[in-house]
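Asker: Structure: coords.cif, mmCIF, C-alpha atoms.
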data_final
loop_
_atom_site.group_PDB
_atom_site.id
_atom_site.type_symbol
_atom_site.label_atom_id
_atom_site.label_comp_id
_atom_site.auth_asym_id
_atom_site.auth_seq_id
_atom_site.Cartn_x
_atom_site.Cartn_y
_atom_site.Cartn_z
ATOM 1 C CA MET A 25 6.791 -19.603 31.502
ATOM 2 C CA ASP A 26 7.239 -21.205 28.096
ATOM 3 C CA HIS A 27 3.724 -21.517 26.681
ATOM 4 C CA ARG A 28 3.034 -24.769 24.890
ATOM 5 C CA ASP A 29 0.906 -23.577 21.954
ATOM 6 C CA SER A 30 3.737 -22.134 19.908
ATOM 7 C CA THR A 31 2.420 -23.122 16.477
ATOM 8 C CA VAL A 32 -0.867 -21.457 15.593
ATOM 9 C CA PRO A 33 -2.973 -21.951 12.429
ATOM 10 C CA GLY A 34 -4.333 -18.826 10.807
ATOM 11 C CA PRO A 35 -7.006 -17.936 8.245
ATOM 12 C CA GLY A 36 -6.314 -18.700 4.603
ATOM 13 C CA GLY A 37 -3.560 -21.237 5.301
ATOM 14 C CA LEU A 38 -1.285 -18.969 7.329
ATOM 15 C CA ARG A 39 0.750 -20.480 10.120
ATOM 16 C CA LEU A 40 2.342 -18.742 13.103
ATOM 17 C CA ARG A 41 5.448 -20.373 14.510
ATOM 18 C CA ARG A 42 8.408 -19.407 16.640
ATOM 19 C CA TRP A 43 11.347 -17.697 15.020
ATOM 20 C CA ARG A 44 14.363 -19.906 14.208
ATOM 21 C CA GLU A 45 18.054 -19.373 13.607
ATOM 22 C CA ALA A 46 17.444 -20.356 9.981
ATOM 23 C CA ASP A 47 15.261 -17.248 9.631
ATOM 24 C CA LEU A 48 18.224 -14.882 10.060
ATOM 25 C CA PRO A 49 18.719 -14.137 6.316
ATOM 26 C CA ALA A 50 14.990 -13.482 5.834
ATOM 27 C CA LEU A 51 14.970 -11.224 8.877
ATOM 28 C CA LEU A 52 17.838 -9.155 7.511
ATOM 29 C CA GLU A 53 16.152 -8.878 4.123
ATOM 30 C CA ALA A 54 12.884 -7.745 5.725
ATOM 31 C CA TYR A 55 14.579 -4.921 7.616
ATOM 32 C CA GLU A 56 16.191 -3.560 4.448
ATOM 33 C CA ASP A 57 12.731 -2.343 3.409
ATOM 34 C CA PRO A 58 12.382 1.473 3.748
ATOM 35 C CA ALA A 59 8.838 1.055 5.080
ATOM 36 C CA MET A 60 10.178 -1.006 7.977
ATOM 37 C CA ARG A 61 12.685 1.706 8.773
ATOM 38 C CA ARG A 62 9.939 4.317 8.671
ATOM 39 C CA TRP A 63 7.327 2.663 10.861
ATOM 40 C CA LEU A 64 9.139 0.439 13.371
ATOM 41 C CA ALA A 65 10.832 1.813 16.474
ATOM 42 C CA THR A 66 13.118 -1.220 16.800
ATOM 43 C CA GLN A 67 15.578 -1.649 13.939
ATOM 44 C CA VAL A 68 17.752 -4.622 12.955
ATOM 45 C CA SER A 69 21.048 -4.190 11.120
ATOM 46 C CA GLY A 70 23.728 -6.735 10.262
ATOM 47 C CA ALA A 71 24.073 -10.403 11.187
ATOM 48 C CA ASP A 72 24.906 -9.595 14.812
ATOM 49 C CA GLY A 73 21.850 -7.373 15.112
ATOM 50 C CA ALA A 74 19.617 -10.069 13.646
ATOM 51 C CA ALA A 75 21.089 -12.682 15.995
ATOM 52 C CA ASP A 76 20.447 -10.361 18.953
ATOM 53 C CA TRP A 77 16.837 -9.872 17.801
ATOM 54 C CA LEU A 78 16.270 -13.623 17.561
ATOM 55 C CA ALA A 79 17.813 -14.104 21.012
ATOM 56 C CA ALA A 80 15.474 -11.457 22.431
ATOM 57 C CA GLN A 81 12.472 -13.348 21.062
ATOM 58 C CA ARG A 82 13.680 -16.571 22.708
ATOM 59 C CA ARG A 83 14.087 -14.752 26.029
ATOM 60 C CA GLY A 84 10.596 -13.348 25.691
ATOM 61 C CA TRP A 85 9.119 -16.835 25.374
ATOM 62 C CA ALA A 86 11.218 -18.139 28.249
ATOM 63 C CA THR A 87 10.184 -15.335 30.608
ATOM 64 C CA GLY A 88 6.551 -15.187 29.497
ATOM 65 C CA THR A 89 6.745 -11.484 28.677
ATOM 66 C CA ARG A 90 6.932 -11.477 24.875
ATOM 67 C CA PHE A 91 5.576 -14.029 22.407
ATOM 68 C CA ALA A 92 6.804 -13.398 18.851
ATOM 69 C CA PHE A 93 5.722 -15.525 15.910
ATOM 70 C CA ALA A 94 7.079 -15.734 12.397
ATOM 71 C CA VAL A 95 4.127 -15.610 9.982
ATOM 72 C CA THR A 96 4.395 -18.179 7.183
ATOM 73 C CA ASP A 97 2.146 -19.424 4.405
ATOM 74 C CA GLY A 98 2.491 -23.003 5.623
ATOM 75 C CA GLY A 99 4.260 -24.062 2.423
ATOM 76 C CA ARG A 100 7.162 -26.448 2.073
ATOM 77 C CA ASP A 101 9.816 -23.773 2.478
ATOM 78 C CA ASP A 102 7.989 -22.259 5.513
ATOM 79 C CA ALA A 103 9.424 -18.851 4.604
ATOM 80 C CA SER A 104 8.616 -15.887 6.808
ATOM 81 C CA LEU A 105 6.071 -13.332 5.567
ATOM 82 C CA GLY A 106 6.210 -11.197 8.684
ATOM 83 C CA ASN A 107 6.033 -11.065 12.454
ATOM 84 C CA VAL A 108 3.269 -10.811 15.047
ATOM 85 C CA VAL A 109 3.946 -10.363 18.738
ATOM 86 C CA LEU A 110 2.089 -10.358 22.043
ATOM 87 C CA LYS A 111 3.793 -8.306 24.774
ATOM 88 C CA ARG A 112 2.926 -8.991 28.423
ATOM 89 C CA PRO A 113 5.546 -7.241 30.588
ATOM 90 C CA ASP A 114 2.995 -7.149 33.428
ATOM 91 C CA GLY A 115 0.895 -10.287 33.419
ATOM 92 C CA ASP A 116 -1.198 -9.171 36.403
ATOM 93 C CA ASN A 117 -3.095 -6.192 34.992
ATOM 94 C CA GLY A 118 -5.291 -7.982 32.448
ATOM 95 C CA ARG A 119 -3.799 -6.104 29.474
ATOM 96 C CA ALA A 120 -1.272 -6.839 26.764
ATOM 97 C CA GLU A 121 0.001 -5.164 23.597
ATOM 98 C CA VAL A 122 0.035 -6.661 20.108
ATOM 99 C CA GLY A 123 2.151 -5.630 17.151
ATOM 100 C CA TYR A 124 3.041 -6.831 13.696
ATOM 101 C CA TRP A 125 5.078 -6.241 10.588
ATOM 102 C CA THR A 126 4.974 -7.779 7.132
ATOM 103 C CA THR A 127 7.617 -8.137 4.458
ATOM 104 C CA ALA A 128 7.364 -6.036 1.323
ATOM 105 C CA ALA A 129 6.531 -9.113 -0.785
ATOM 106 C CA ALA A 130 3.663 -10.105 1.529
ATOM 107 C CA ARG A 131 1.745 -6.829 1.433
ATOM 108 C CA GLY A 132 -1.548 -6.567 -0.399
ATOM 109 C CA ARG A 133 -2.384 -10.219 0.329
ATOM 110 C CA GLY A 134 -4.224 -9.809 3.621
ATOM 111 C CA VAL A 135 -1.291 -11.241 5.570
ATOM 112 C CA ALA A 136 -1.280 -8.613 8.331
ATOM 113 C CA SER A 137 -5.032 -8.848 8.932
ATOM 114 C CA ARG A 138 -5.076 -12.641 8.952
ATOM 115 C CA ALA A 139 -2.011 -12.917 11.171
ATOM 116 C CA LEU A 140 -3.369 -10.380 13.664
ATOM 117 C CA THR A 141 -6.677 -12.283 13.744
ATOM 118 C CA ALA A 142 -4.837 -15.530 14.540
ATOM 119 C CA LEU A 143 -2.699 -13.886 17.227
ATOM 120 C CA THR A 144 -5.745 -12.256 18.822
ATOM 121 C CA ASP A 145 -7.659 -15.530 19.032
ATOM 122 C CA TRP A 146 -4.612 -17.354 20.406
ATOM 123 C CA ALA A 147 -3.905 -14.707 23.040
ATOM 124 C CA PHE A 148 -7.442 -14.567 24.424
ATOM 125 C CA SER A 149 -7.627 -18.370 24.495
ATOM 126 C CA GLU A 150 -4.140 -19.040 25.863
ATOM 127 C CA PHE A 151 -4.266 -16.427 28.615
ATOM 128 C CA ALA A 152 -7.951 -16.502 29.536
ATOM 129 C CA GLU A 153 -7.337 -18.247 32.860
ATOM 130 C CA GLU A 154 -4.638 -15.693 33.676
ATOM 131 C CA GLY A 155 -7.132 -12.862 33.385
ATOM 132 C CA LEU A 156 -6.265 -11.333 29.991
ATOM 133 C CA THR A 157 -9.197 -9.078 29.121
ATOM 134 C CA ARG A 158 -7.831 -6.411 26.764
ATOM 135 C CA LEU A 159 -5.398 -6.180 23.871
ATOM 136 C CA GLU A 160 -4.005 -2.887 22.598
ATOM 137 C CA LEU A 161 -2.311 -2.017 19.307
ATOM 138 C CA LEU A 162 -0.283 1.196 18.981
ATOM 139 C CA HIS A 163 0.859 3.044 15.878
ATOM 140 C CA GLN A 164 1.883 6.513 14.787
ATOM 141 C CA VAL A 165 -1.038 8.742 13.796
ATOM 142 C CA ASP A 166 0.023 9.006 10.139
ATOM 143 C CA ASN A 167 0.156 5.218 9.631
ATOM 144 C CA GLY A 168 -3.286 5.033 8.085
ATOM 145 C CA ALA A 169 -2.896 1.500 6.726
ATOM 146 C CA SER A 170 -2.199 0.132 10.200
ATOM 147 C CA CYS A 171 -5.292 1.997 11.400
ATOM 148 C CA ARG A 172 -7.375 0.137 8.830
ATOM 149 C CA VAL A 173 -5.831 -3.242 9.682
ATOM 150 C CA ALA A 174 -6.609 -2.678 13.368
ATOM 151 C CA GLU A 175 -10.214 -1.744 12.701
ATOM 152 C CA LYS A 176 -10.776 -4.695 10.340
ATOM 153 C CA CYS A 177 -9.546 -7.017 13.091
ATOM 154 C CA GLY A 178 -11.948 -5.615 15.667
ATOM 155 C CA TYR A 179 -9.604 -3.082 17.302
ATOM 156 C CA PRO A 180 -11.432 0.277 17.255
ATOM 157 C CA LEU A 181 -9.600 3.472 18.107
ATOM 158 C CA ALA A 182 -9.594 3.865 21.893
ATOM 159 C CA ARG A 183 -7.551 7.012 22.450
ATOM 160 C CA VAL A 184 -4.892 9.316 21.062
ATOM 161 C CA ILE A 185 -1.622 9.746 22.931
ATOM 162 C CA PRO A 186 0.289 13.008 22.487
ATOM 163 C CA ALA A 187 3.607 13.357 20.730
ATOM 164 C CA LEU A 188 6.768 13.231 22.815
ATOM 165 C CA PRO A 189 9.570 14.704 20.657
ATOM 166 C CA PRO A 190 12.212 13.913 19.701
ATOM 167 C CA ASP A 191 11.646 10.145 19.995
ATOM 168 C CA TYR A 192 7.925 10.370 19.178
ATOM 169 C CA PRO A 193 7.435 13.444 16.986
ATOM 170 C CA LEU A 194 3.770 12.734 16.167
ATOM 171 C CA ASP A 195 0.714 11.676 18.134
ATOM 172 C CA GLY A 196 -0.034 7.976 18.458
ATOM 173 C CA HIS A 197 -3.204 5.940 18.110
ATOM 174 C CA VAL A 198 -4.144 3.267 20.625
ATOM 175 C CA HIS A 199 -6.602 0.682 19.300
ATOM 176 C CA ALA A 200 -8.121 -1.784 21.756
ATOM 177 C CA ARG A 201 -10.043 -5.019 21.701
ATOM 178 C CA GLU A 202 -11.793 -6.567 24.677
ATOM 179 C CA ALA A 203 -11.864 -10.309 25.327
ATOM 180 C CA PRO A 204 -14.866 -11.910 23.586
ATOM 181 C CA SER A 205 -17.675 -13.241 25.714
ATOM 182 C CA ALA A 206 -18.109 -16.151 23.316
ATOM 183 C CA GLY A 207 -16.730 -17.427 20.022
ATOM 184 C CA LEU A 208 -13.687 -16.432 18.043
ATOM 185 C CA SER A 209 -12.915 -13.246 16.166
ATOM 186 C CA ARG A 210 -14.325 -12.965 12.670
ATOM 187 C CA PRO A 211 -12.022 -13.201 9.646
ATOM 188 C CA ALA A 212 -10.489 -9.916 8.601
ATOM 189 C CA GLY A 213 -10.678 -8.161 5.251
ATOM 190 C CA ARG A 214 -7.945 -8.156 2.664
ATOM 191 C CA HIS A 215 -7.384 -4.445 2.126
ATOM 192 C CA GLY A 216 -5.378 -1.737 3.812
ATOM 193 C CA GLU A 217 -2.160 -3.667 4.396
ATOM 194 C CA ALA A 218 0.658 -1.798 6.108
ATOM 195 C CA ALA A 219 4.324 -2.492 6.734
ATOM 196 C CA GLY A 220 3.411 -2.886 10.354
ATOM 197 C CA THR A 221 3.425 -1.631 13.889
ATOM 198 C CA GLY A 222 5.503 -3.544 16.357
ATOM 199 C CA GLY A 223 4.222 -1.020 18.826
ATOM 200 C CA GLY A 224 5.829 1.254 16.267
ATOM 201 C CA ARG A 225 6.635 4.881 16.831
ATOM 202 C CA ALA A 226 3.853 5.120 19.395
ATOM 203 C CA SER A 227 5.304 2.467 21.670
ATOM 204 C CA GLY A 228 7.251 3.054 24.841
ATOM 205 C CA ARG A 229 5.146 5.881 26.263
#
For the file at hand, write its structure as structure tokens.
Answerer:
Amino acid sequence: MDHRDSTVPGPGGLRLRRWREADLPALLEAYEDPAMRRWLATQVSGADGAADWLAAQRRGWATGTRFAFAVTDGGRDDASLGNVVLKRPDGDNGRAEVGYWTTAAARGRGVASRALTALTDWAFSEFAEEGLTRLELLHQVDNGASCRVAEKCGYPLARVIPALPPDYPLDGHVHAREAPSAGLSRPAGRHGEAAGTGGGRASGR
């Protein structure tokens, strides 16, 4: 199931679009950031690793289980500022997971909050007829900036999941947002930017 709305406008001129082969150098540069290595469970290393990551995103779109967007500022060069993703491995239970990361250069500009807002609105609109009613965002308990981004985007803390060493040495936070009864989500604030949580260290439990 290859969903048609694969370019999504976001607040403040952001644009979400599918990842491209031309993004490979930017992807490699993003994953050289120590903050990305700290907070994200999935790591990318080398040209082959980046190519595999891009291929996985294409498969996700084709199978309807994972919808990853490059976040851009909509400018002429259309350079990537980060990633947002909707994960629907089970499309029948009414739930999905969201995640994000931003490049080092994009932080402090409200990119994560605005991109998550755009993804949230798109997901609830695109999958409404398929019964999507709840989105969840997971991150490690000590990732306070991601906590603030989640809350600013209308994802309050729903529960804490216990640590599972060695893969998950600390507890995780699960933030959740229910489908709106009417209207779109309100614009998010500009503070509390984090490297990200692609599910992060709390994912996979």
Asker: I need the residue set behind the PyMOL selection byres ((chain A and resi 45) around 10) for this file; please write it as an mmCIF file with C-alpha atoms, in the coordinates of the input.
Answerer:
data_model
loop_
_atom_site.group_PDB
_atom_site.id
_atom_site.type_symbol
_atom_site.label_atom_id
_atom_site.label_comp_id
_atom_site.auth_asym_id
_atom_site.auth_seq_id
_atom_site.Cartn_x
_atom_site.Cartn_y
_atom_site.Cartn_z
ATOM 1 C CA TRP A 43 11.347 -17.697 15.020
ATOM 2 C CA ARG A 44 14.363 -19.906 14.208
ATOM 3 C CA ALA A 46 17.444 -20.356 9.981
ATOM 4 C CA ASP A 47 15.261 -17.248 9.631
ATOM 5 C CA LEU A 48 18.224 -14.882 10.060
ATOM 6 C CA PRO A 49 18.719 -14.137 6.316
ATOM 7 C CA LEU A 51 14.970 -11.224 8.877
ATOM 8 C CA ALA A 74 19.617 -10.069 13.646
ATOM 9 C CA ALA A 75 21.089 -12.682 15.995
ATOM 10 C CA LEU A 78 16.270 -13.623 17.561
ATOM 11 C CA ALA A 79 17.813 -14.104 21.012
#
Asker: Compare A:Arg138, A:Arg39, A:Arg133, A:Arg201 by their minimum atom-to-atom distance to A:Ala94, counting only C-alpha atoms, and give me the closest one.
Answerer: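 Among A:Arg138, A:Arg39, A:Arg133, A:Arg201, it is A:Arg39 that comes nearest to A:Ala94.
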Asker: My list of candidates is A:Trp146, A:Tyr179, A:Tyr192, A:Tyr55. Which is closest to A:Trp77 when distances are computed with only C-alpha atoms?
Answerer: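 Looking only at the distances to A:Trp77, the closest residue turns out to be A:Tyr55.
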Asker: Report the distance between atom CA of A:Gly98 and atom CA of A:Gly37 in Å, rounded to one decimal place.
Answerer: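 About the pair atom CA of A:Gly98 and atom CA of A:Gly37: they are 6.3 Å apart.
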Asker: Between atom CA of A:Arg158 and atom CA of A:Gly118, measure the distance and give it in Å to one decimal.
Answerer: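 Distance reported for this atom pair: 6.4 Å.
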Asker: So what do you get for atom CA of A:Gly220 versus atom CA of A:Glu153, distance-wise?
Answerer: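 Atom CA of A:Glu153 lies 29.3 Å from atom CA of A:Gly220.
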Asker: Running the PyMOL selection byres ((chain A and resi 140-143) around 10) on this model by hand, what would come out? Give it as a PyMOL selection string.
Answerer: chain A and resi 32-35+38-40+91-93+95+107-110+122-125+135-139+144-149+173-174+176-178+208-212
Asker: I need the residues from that last selection saved to file as a PDB file, keeping the file's coordinate frame (with C-alpha atoms), if you can.
Answerer:
ATOM      1  CA  VAL A  32      -0.867 -21.457  15.593  1.00  0.00           C
ATOM      2  CA  PRO A  33      -2.973 -21.951  12.429  1.00  0.00           C
ATOM      3  CA  GLY A  34      -4.333 -18.826  10.807  1.00  0.00           C
ATOM      4  CA  PRO A  35      -7.006 -17.936   8.245  1.00  0.00           C
ATOM      5  CA  LEU A  38      -1.285 -18.969   7.329  1.00  0.00           C
ATOM      6  CA  ARG A  39       0.750 -20.480  10.120  1.00  0.00           C
ATOM      7  CA  LEU A  40       2.342 -18.742  13.103  1.00  0.00           C
ATOM      8  CA  PHE A  91       5.576 -14.029  22.407  1.00  0.00           C
ATOM      9  CA  ALA A  92       6.804 -13.398  18.851  1.00  0.00           C
ATOM     10  CA  PHE A  93       5.722 -15.525  15.910  1.00  0.00           C
ATOM     11  CA  VAL A  95       4.127 -15.610   9.982  1.00  0.00           C
ATOM     12  CA  ASN A 107       6.033 -11.065  12.454  1.00  0.00           C
ATOM     13  CA  VAL A 108       3.269 -10.811  15.047  1.00  0.00           C
ATOM     14  CA  VAL A 109       3.946 -10.363  18.738  1.00  0.00           C
ATOM     15  CA  LEU A 110       2.089 -10.358  22.043  1.00  0.00           C
ATOM     16  CA  VAL A 122       0.035  -6.661  20.108  1.00  0.00           C
ATOM     17  CA  GLY A 123       2.151  -5.630  17.151  1.00  0.00           C
ATOM     18  CA  TYR A 124       3.041  -6.831  13.696  1.00  0.00           C
ATOM     19  CA  TRP A 125       5.078  -6.241  10.588  1.00  0.00           C
ATOM     20  CA  VAL A 135      -1.291 -11.241   5.570  1.00  0.00           C
ATOM     21  CA  ALA A 136      -1.280  -8.613   8.331  1.00  0.00           C
ATOM     22  CA  SER A 137      -5.032  -8.848   8.932  1.00  0.00           C
ATOM     23  CA  ARG A 138      -5.076 -12.641   8.952  1.00  0.00           C
ATOM     24  CA  ALA A 139      -2.011 -12.917  11.171  1.00  0.00           C
ATOM     25  CA  THR A 144      -5.745 -12.256  18.822  1.00  0.00           C
ATOM     26  CA  ASP A 145      -7.659 -15.530  19.032  1.00  0.00           C
ATOM     27  CA  TRP A 146      -4.612 -17.354  20.406  1.00  0.00           C
ATOM     28  CA  ALA A 147      -3.905 -14.707  23.040  1.00  0.00           C
ATOM     29  CA  PHE A 148      -7.442 -14.567  24.424  1.00  0.00           C
ATOM     30  CA  SER A 149      -7.627 -18.370  24.495  1.00  0.00           C
ATOM     31  CA  VAL A 173      -5.831  -3.242   9.682  1.00  0.00           C
ATOM     32  CA  ALA A 174      -6.609  -2.678  13.368  1.00  0.00           C
ATOM     33  CA  LYS A 176     -10.776  -4.695  10.340  1.00  0.00           C
ATOM     34  CA  CYS A 177      -9.546  -7.017  13.091  1.00  0.00           C
ATOM     35  CA  GLY A 178     -11.948  -5.615  15.667  1.00  0.00           C
ATOM     36  CA  LEU A 208     -13.687 -16.432  18.043  1.00  0.00           C
ATOM     37  CA  SER A 209     -12.915 -13.246  16.166  1.00  0.00           C
ATOM     38  CA  ARG A 210     -14.325 -12.965  12.670  1.00  0.00           C
ATOM     39  CA  PRO A 211     -12.022 -13.201   9.646  1.00  0.00           C
ATOM     40  CA  ALA A 212     -10.489  -9.916   8.601  1.00  0.00           C
TER      41      ALA A 212
END
Asker: Name the residues that the PyMOL selection byres ((chain A and resi 63) around 12) picks from the file above, as a JSON list (two decimals) with C-alpha atoms, keeping the file's coordinate frame, using the file's chain letters and numbers.
Answerer:
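Saved as result-v9.json:
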[["chain", "number", "residue", "atom", "x", "y", "z"],
["A", 55, "TYR", "CA", 14.58, -4.92, 7.62],
["A", 57, "ASP", "CA", 12.73, -2.34, 3.41],
["A", 58, "PRO", "CA", 12.38, 1.47, 3.75],
["A", 59, "ALA", "CA", 8.84, 1.06, 5.08],
["A", 60, "MET", "CA", 10.18, -1.01, 7.98],
["A", 61, "ARG", "CA", 12.68, 1.71, 8.77],
["A", 62, "ARG", "CA", 9.94, 4.32, 8.67],
["A", 64, "LEU", "CA", 9.14, 0.44, 13.37],
["A", 65, "ALA", "CA", 10.83, 1.81, 16.47],
["A", 66, "THR", "CA", 13.12, -1.22, 16.80],
["A", 67, "GLN", "CA", 15.58, -1.65, 13.94],
["A", 123, "GLY", "CA", 2.15, -5.63, 17.15],
["A", 124, "TYR", "CA", 3.04, -6.83, 13.70],
["A", 125, "TRP", "CA", 5.08, -6.24, 10.59],
["A", 126, "THR", "CA", 4.97, -7.78, 7.13],
["A", 162, "LEU", "CA", -0.28, 1.20, 18.98],
["A", 163, "HIS", "CA", 0.86, 3.04, 15.88],
["A", 164, "GLN", "CA", 1.88, 6.51, 14.79],
["A", 165, "VAL", "CA", -1.04, 8.74, 13.80],
["A", 166, "ASP", "CA", 0.02, 9.01, 10.14],
["A", 167, "ASN", "CA", 0.16, 5.22, 9.63],
["A", 168, "GLY", "CA", -3.29, 5.03, 8.09],
["A", 169, "ALA", "CA", -2.90, 1.50, 6.73],
["A", 170, "SER", "CA", -2.20, 0.13, 10.20],
["A", 192, "TYR", "CA", 7.92, 10.37, 19.18],
["A", 194, "LEU", "CA", 3.77, 12.73, 16.17],
["A", 196, "GLY", "CA", -0.03, 7.98, 18.46],
["A", 218, "ALA", "CA", 0.66, -1.80, 6.11],
["A", 219, "ALA", "CA", 4.32, -2.49, 6.73],
["A", 220, "GLY", "CA", 3.41, -2.89, 10.35],
["A", 221, "THR", "CA", 3.42, -1.63, 13.89],
["A", 222, "GLY", "CA", 5.50, -3.54, 16.36],
["A", 223, "GLY", "CA", 4.22, -1.02, 18.83],
["A", 224, "GLY", "CA", 5.83, 1.25, 16.27],
["A", 225, "ARG", "CA", 6.64, 4.88, 16.83],
["A", 226, "ALA", "CA", 3.85, 5.12, 19.40],
["A", 227, "SER", "CA", 5.30, 2.47, 21.67]]
Asker: Limit the output to all heavy atoms and give stretch 168-175 of chain A as an mmCIF file, in the first residue's frame.
Answerer:
data_model
loop_
_atom_site.group_PDB
_atom_site.id
_atom_site.type_symbol
_atom_site.label_atom_id
_atom_site.label_comp_id
_atom_site.auth_asym_id
_atom_site.auth_seq_id
_atom_site.Cartn_x
_atom_site.Cartn_y
_atom_site.Cartn_z
ATOM 1 N N GLY A 168 15.258 14.380 28.136
ATOM 2 C CA GLY A 168 14.305 15.392 28.553
ATOM 3 C C GLY A 168 13.840 16.299 27.434
ATOM 4 O O GLY A 168 12.681 16.739 27.422
ATOM 5 N N ALA A 169 14.699 16.588 26.462
ATOM 6 C CA ALA A 169 14.301 17.469 25.364
ATOM 7 C C ALA A 169 13.225 16.819 24.512
ATOM 8 O O ALA A 169 12.274 17.476 24.084
ATOM 9 C CB ALA A 169 15.518 17.839 24.516
ATOM 10 N N SER A 170 13.346 15.506 24.276
ATOM 11 C CA SER A 170 12.306 14.815 23.519
ATOM 12 C C SER A 170 10.997 14.782 24.300
ATOM 13 O O SER A 170 9.908 14.825 23.719
ATOM 14 C CB SER A 170 12.746 13.394 23.165
ATOM 15 O OG SER A 170 13.584 13.393 22.025
ATOM 16 N N CYS A 171 11.083 14.709 25.610
ATOM 17 C CA CYS A 171 9.891 14.789 26.459
ATOM 18 C C CYS A 171 9.169 16.114 26.212
ATOM 19 O O CYS A 171 7.944 16.156 26.047
ATOM 20 C CB CYS A 171 10.307 14.676 27.921
ATOM 21 S SG CYS A 171 9.282 13.619 28.936
ATOM 22 N N ARG A 172 9.915 17.190 26.169
ATOM 23 C CA ARG A 172 9.312 18.510 25.981
ATOM 24 C C ARG A 172 8.725 18.661 24.577
ATOM 25 O O ARG A 172 7.649 19.246 24.407
ATOM 26 C CB ARG A 172 10.346 19.601 26.264
ATOM 27 C CG ARG A 172 10.753 19.679 27.738
ATOM 28 C CD ARG A 172 11.626 20.870 28.025
ATOM 29 N NE ARG A 172 12.949 20.764 27.423
ATOM 30 C CZ ARG A 172 13.988 20.167 28.000
ATOM 31 N NH1 ARG A 172 13.847 19.576 29.187
ATOM 32 N NH2 ARG A 172 15.170 20.137 27.409
ATOM 33 N N VAL A 173 9.421 18.143 23.566
ATOM 34 C CA VAL A 173 8.884 18.193 22.207
ATOM 35 C C VAL A 173 7.556 17.448 22.142
ATOM 36 O O VAL A 173 6.574 17.927 21.568
ATOM 37 C CB VAL A 173 9.894 17.605 21.197
ATOM 38 C CG1 VAL A 173 9.236 17.387 19.831
ATOM 39 C CG2 VAL A 173 11.103 18.521 21.043
ATOM 40 N N ALA A 174 7.514 16.256 22.731
ATOM 41 C CA ALA A 174 6.279 15.463 22.722
ATOM 42 C C ALA A 174 5.131 16.232 23.361
ATOM 43 O O ALA A 174 4.021 16.313 22.808
ATOM 44 C CB ALA A 174 6.515 14.141 23.446
ATOM 45 N N GLU A 175 5.381 16.806 24.520
ATOM 46 C CA GLU A 175 4.313 17.494 25.238
ATOM 47 C C GLU A 175 3.847 18.739 24.490
ATOM 48 O O GLU A 175 2.652 19.055 24.466
ATOM 49 C CB GLU A 175 4.782 17.837 26.644
ATOM 50 C CG GLU A 175 4.936 16.588 27.520
ATOM 51 C CD GLU A 175 5.619 16.844 28.845
ATOM 52 O OE1 GLU A 175 6.112 17.986 29.037
ATOM 53 O OE2 GLU A 175 5.651 15.926 29.672
#
